[in-house]
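One structure is given here, and the rest of the page talks about it.
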Amino acid sequence: MRYVDEFRDPALAAALIREIEGVAHRLERGRDRPFAVMEVCGGHTHAIFRYGLEGLLPDIIEFVHGPGCPVCVLPMGRVDDCVAIAERPEVIFATFGDAIRVPGSRKSLLAAKADGADVRTIYSPLDALALARRHPDREVVFFGLGFETTMPSTALTVLRAEREGVTNFSVFCNHITIIPTLRALLETQDLGIDGFIGPGHVSMVIGTEPYRFIAEEFGKPLVVAGFEPLDLLQALLMVLRQIEGGTARIENQYARVVPDRGNPQAMDAVERVFETRPVFEWRGLGSIERSGVRLREAFARFDAERRFAVPEISVADPDACRCGEVLTGKVKPWACPMFGTACTPEMPLGALMVSSEGSCAAYYQYGGVRQPHADATPHAPKSLEATA
Amino acid sequence: MCLGIPGRIVAIVDEAAMLATVDVSGVRRTVDVVCVAAPGHPLAELVGAWVLVHVGFAMSVIDEEEAAATLKVLAEIGEAQAEIEAIRTGSVELPAAAS
Ligand code: SF4
């Protein structure tokens, strides 16, 4: 398998790292803080830690782990709403396994299940629809969450339910969109991000066009990247070269999977079923305009929010949690007093500790619990080989 | 959930309902192939193709080498097994389309 080997080739990795070091060395002069490159996608965060990429980079370059893990940014109040719906006796609440342990203010979905709620872990929204067909006497509610990667699957399932005339199926929609969130991040005054590594799978759906404003309005480069270690290194080099050249463009390192125009069938389904919400709340980031979607009026009968009264109470995160600052790259996870003590992957307090894509979980797993110097780069294995 | 996993389309379950059987590392399940169907072409043309499967939907046709590379990354970062387990244990297999 030549291709696979090429993506792992240590010589290629070493060559890329040498080039990164070369650019870094030239950029370093007169610079008093590191160049911060934000990888938006939680999958990238996970891969960066797993392959110890941070440890391979010169000190002047730093990865900042962005808000691209949908489970991590789910606000407590929405989890409470899920629990409220799930606790209704007529309801079967169907969720992806990723979301089941996210803490709400009262309990998680897992705790609700232990207390007797009918919560089922499913793999696909199609499975939730199958449950509805199988249990015509119950109300099956699918917990829709995720960015543009999973949004088409919910939309297509709603369209399928409509075609098949299923009446006991609905979606509790918590889908969010990455573009307004990136804009909100960029509009943050003290955000010191110099460039972005764009999400691979979100871009497979939306293409590269929607990122254009990042370069044009904010003058920052963005390179869409794949998930191989060499993909990430190459994308980083592309970002750094743009910084060095004083340009800001949107580039596509992952063209073998991401078409510049995205996936038209997927985008068409999303457009038909969803409309933008005026505002949506994110855990740790607060309310972001036009960052979430809901079902259009024409699909109201599949909208769990309209079918069941949900409390819709916004719940503040515990005071000591620093999830928001971690999500925006302002502080590293170990700066949070809860990190590794009150908040661990086994007993998560914040959502960034729940999913393997969350930066707190990644630091906990790969970076060690305590960090001697507050500003030091986390210790990561100095190797491209994944450690066991 | 967001990463998805490569699988190979091995059969068309229902042409009208756009459902196909995909083999994901030996585990089979029915997936929706609307997003990878070429308009005006029979779905049968997809049999044998590698696709990236996200939560039960084929989202992109990829080549075999990309599939192998992706599976390797997923295995190394510990997500392949989780994804396959989710398919195996978390799925309520669809009946052949009701329509
Ligand atoms: S350690 Fe826990 S509470 Fe602190 S920022 Fe991370 S997830 Fe949030």
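Identifiers for the structure tokens are assigned positionally: chains receive A, B, ... in sequence, residues are indexed from 1 per chain, and ligands are indexed from 1 in the order shown.
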#### Entry: Close residues to ligand 1 using only C-alpha atoms and all ligand atoms, limit 10 Å, as a VMD selection string
chain A and resid 72 283 to 284 317 to 327 331 to 345 347 to 355 358 to 361 363 to 364
Include N, CA and C atoms and write out the residues we just selected as a CSV table (one decimal), in the first residue's frame.
chain,number,residue,atom,x,y,z
A,72,CYS,N,-18.8,19.0,22.8
A,72,CYS,CA,-18.2,19.9,23.8
A,72,CYS,C,-18.9,21.2,24.0
A,283,ARG,N,-22.0,26.2,24.8
A,283,ARG,CA,-21.3,26.0,26.1
A,283,ARG,C,-20.0,26.8,26.1
A,284,GLY,N,-19.8,27.6,27.0
A,284,GLY,CA,-18.5,28.3,27.1
A,284,GLY,C,-18.3,29.5,26.2
A,317,ASP,N,-22.5,27.7,33.3
A,317,ASP,CA,-21.6,26.6,33.8
A,317,ASP,C,-21.1,27.0,35.2
A,318,PRO,N,-20.6,25.9,35.9
A,318,PRO,CA,-20.1,26.2,37.2
A,318,PRO,C,-19.0,27.3,37.2
A,319,ASP,N,-19.0,28.1,38.2
A,319,ASP,CA,-18.0,29.3,38.2
A,319,ASP,C,-16.6,28.9,37.9
A,320,ALA,N,-16.1,27.9,38.5
A,320,ALA,CA,-14.7,27.5,38.4
A,320,ALA,C,-14.3,27.0,37.0
A,321,CYS,N,-15.3,26.5,36.2
A,321,CYS,CA,-15.0,26.0,34.9
A,321,CYS,C,-14.5,27.0,34.0
A,322,ARG,N,-13.5,26.6,33.2
A,322,ARG,CA,-12.9,27.6,32.3
A,322,ARG,C,-13.1,27.1,30.8
A,323,CYS,N,-14.1,26.3,30.7
A,323,CYS,CA,-14.4,25.7,29.3
A,323,CYS,C,-14.3,26.7,28.2
A,324,GLY,N,-15.0,27.9,28.4
A,324,GLY,CA,-15.1,28.9,27.3
A,324,GLY,C,-13.7,29.4,26.9
A,325,GLU,N,-12.9,29.7,27.9
A,325,GLU,CA,-11.5,30.2,27.6
A,325,GLU,C,-10.7,29.1,26.9
A,326,VAL,N,-10.9,27.8,27.4
A,326,VAL,CA,-10.1,26.7,26.7
A,326,VAL,C,-10.6,26.6,25.3
A,327,LEU,N,-11.9,26.7,25.1
A,327,LEU,CA,-12.5,26.5,23.7
A,327,LEU,C,-12.0,27.6,22.8
A,331,VAL,N,-6.8,30.0,27.2
A,331,VAL,CA,-5.9,29.3,28.2
A,331,VAL,C,-5.9,27.8,27.9
A,332,LYS,N,-4.8,27.1,28.4
A,332,LYS,CA,-4.7,25.7,28.2
A,332,LYS,C,-5.5,25.0,29.3
A,333,PRO,N,-5.9,23.8,29.1
A,333,PRO,CA,-6.8,23.1,30.0
A,333,PRO,C,-6.2,23.1,31.5
A,334,TRP,N,-4.9,22.9,31.6
A,334,TRP,CA,-4.4,22.8,33.0
A,334,TRP,C,-4.6,24.1,33.8
A,335,ALA,N,-4.9,25.2,33.1
A,335,ALA,CA,-5.2,26.4,33.8
A,335,ALA,C,-6.5,26.4,34.5
A,336,CYS,N,-7.3,25.4,34.2
A,336,CYS,CA,-8.6,25.3,34.9
A,336,CYS,C,-8.4,24.6,36.2
A,337,PRO,N,-8.9,25.2,37.3
A,337,PRO,CA,-8.7,24.5,38.6
A,337,PRO,C,-9.3,23.1,38.7
A,338,MET,N,-10.3,22.9,37.9
A,338,MET,CA,-11.0,21.6,37.9
A,338,MET,C,-10.2,20.5,37.2
A,339,PHE,N,-9.3,20.9,36.3
A,339,PHE,CA,-8.7,19.9,35.4
A,339,PHE,C,-7.9,18.8,36.2
A,340,GLY,N,-8.3,17.6,35.9
A,340,GLY,CA,-7.7,16.4,36.5
A,340,GLY,C,-8.0,16.2,37.9
A,341,THR,N,-8.8,17.1,38.5
A,341,THR,CA,-9.2,16.8,39.9
A,341,THR,C,-10.7,16.6,40.0
A,342,ALA,N,-11.5,17.7,40.0
A,342,ALA,CA,-12.9,17.6,40.0
A,342,ALA,C,-13.4,17.2,38.6
A,343,CYS,N,-12.6,17.4,37.6
A,343,CYS,CA,-13.1,17.1,36.2
A,343,CYS,C,-12.1,16.1,35.5
A,344,THR,N,-12.5,14.9,35.3
A,344,THR,CA,-11.7,13.9,34.6
A,344,THR,C,-12.6,13.2,33.6
A,345,PRO,N,-12.0,12.4,32.7
A,345,PRO,CA,-12.9,11.7,31.7
A,345,PRO,C,-13.9,10.8,32.3
A,347,MET,N,-15.3,11.3,35.3
A,347,MET,CA,-16.4,12.1,36.0
A,347,MET,C,-16.3,13.5,35.4
A,348,PRO,N,-16.7,13.7,34.2
A,348,PRO,CA,-16.5,15.0,33.6
A,348,PRO,C,-17.4,16.1,34.2
A,349,LEU,N,-16.9,17.3,34.3
A,349,LEU,CA,-17.7,18.4,34.8
A,349,LEU,C,-18.0,19.3,33.6
A,350,GLY,N,-17.1,19.4,32.8
A,350,GLY,CA,-17.3,20.2,31.6
A,350,GLY,C,-17.3,19.3,30.4
A,351,ALA,N,-17.9,19.7,29.3
A,351,ALA,CA,-18.0,18.8,28.2
A,351,ALA,C,-16.7,18.6,27.4
A,352,LEU,N,-15.8,19.5,27.6
A,352,LEU,CA,-14.5,19.3,26.9
A,352,LEU,C,-13.8,18.0,27.4
A,353,MET,N,-14.2,17.5,28.5
A,353,MET,CA,-13.6,16.4,29.1
A,353,MET,C,-14.4,15.1,28.7
A,354,VAL,N,-15.5,15.2,28.1
A,354,VAL,CA,-16.4,14.1,27.8
A,354,VAL,C,-15.9,13.3,26.5
A,355,SER,N,-15.8,14.1,25.5
A,355,SER,CA,-15.5,13.5,24.2
A,355,SER,C,-14.0,13.4,24.0
A,358,GLY,N,-12.5,16.4,22.7
A,358,GLY,CA,-12.4,17.7,23.5
A,358,GLY,C,-11.0,17.9,23.9
A,359,SER,N,-10.5,19.2,24.0
A,359,SER,CA,-9.1,19.4,24.3
A,359,SER,C,-8.8,19.0,25.7
A,360,CYS,N,-9.7,19.2,26.7
A,360,CYS,CA,-9.3,18.8,28.0
A,360,CYS,C,-9.1,17.2,28.1
A,361,ALA,N,-10.0,16.5,27.5
A,361,ALA,CA,-9.8,15.0,27.5
A,361,ALA,C,-8.5,14.7,26.8
A,363,TYR,N,-5.7,16.5,26.5
A,363,TYR,CA,-4.6,16.9,27.4
A,363,TYR,C,-4.5,15.9,28.5
A,364,TYR,N,-5.6,15.5,29.0
A,364,TYR,CA,-5.6,14.6,30.2
A,364,TYR,C,-5.0,13.3,29.7
### Message
Would you pick out the contacts of Gly48 in chain B at 10 Å or less, using only C-alpha atoms, so that residues sharing its chain but fewer than 4 positions from it are not included, and give the list as a ChimeraX atom specification?
### Response
/B:7-11,22-23,44
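Closest approach to chain B among A:Trp282, A:Phe96, A:Phe302, A:Phe143: A:Phe96, based on only C-alpha atoms.
Across the structure, CA of Lys72 in chain B and CA of Thr154 in chain A are spaced 27.8 Å apart.
Of the listed residues A:Glu312, A:Glu148, A:Glu162, A:Glu346, the one whose atoms come nearest to Ser291 in chain A is A:Glu148, with distances taken using only C-alpha atoms.
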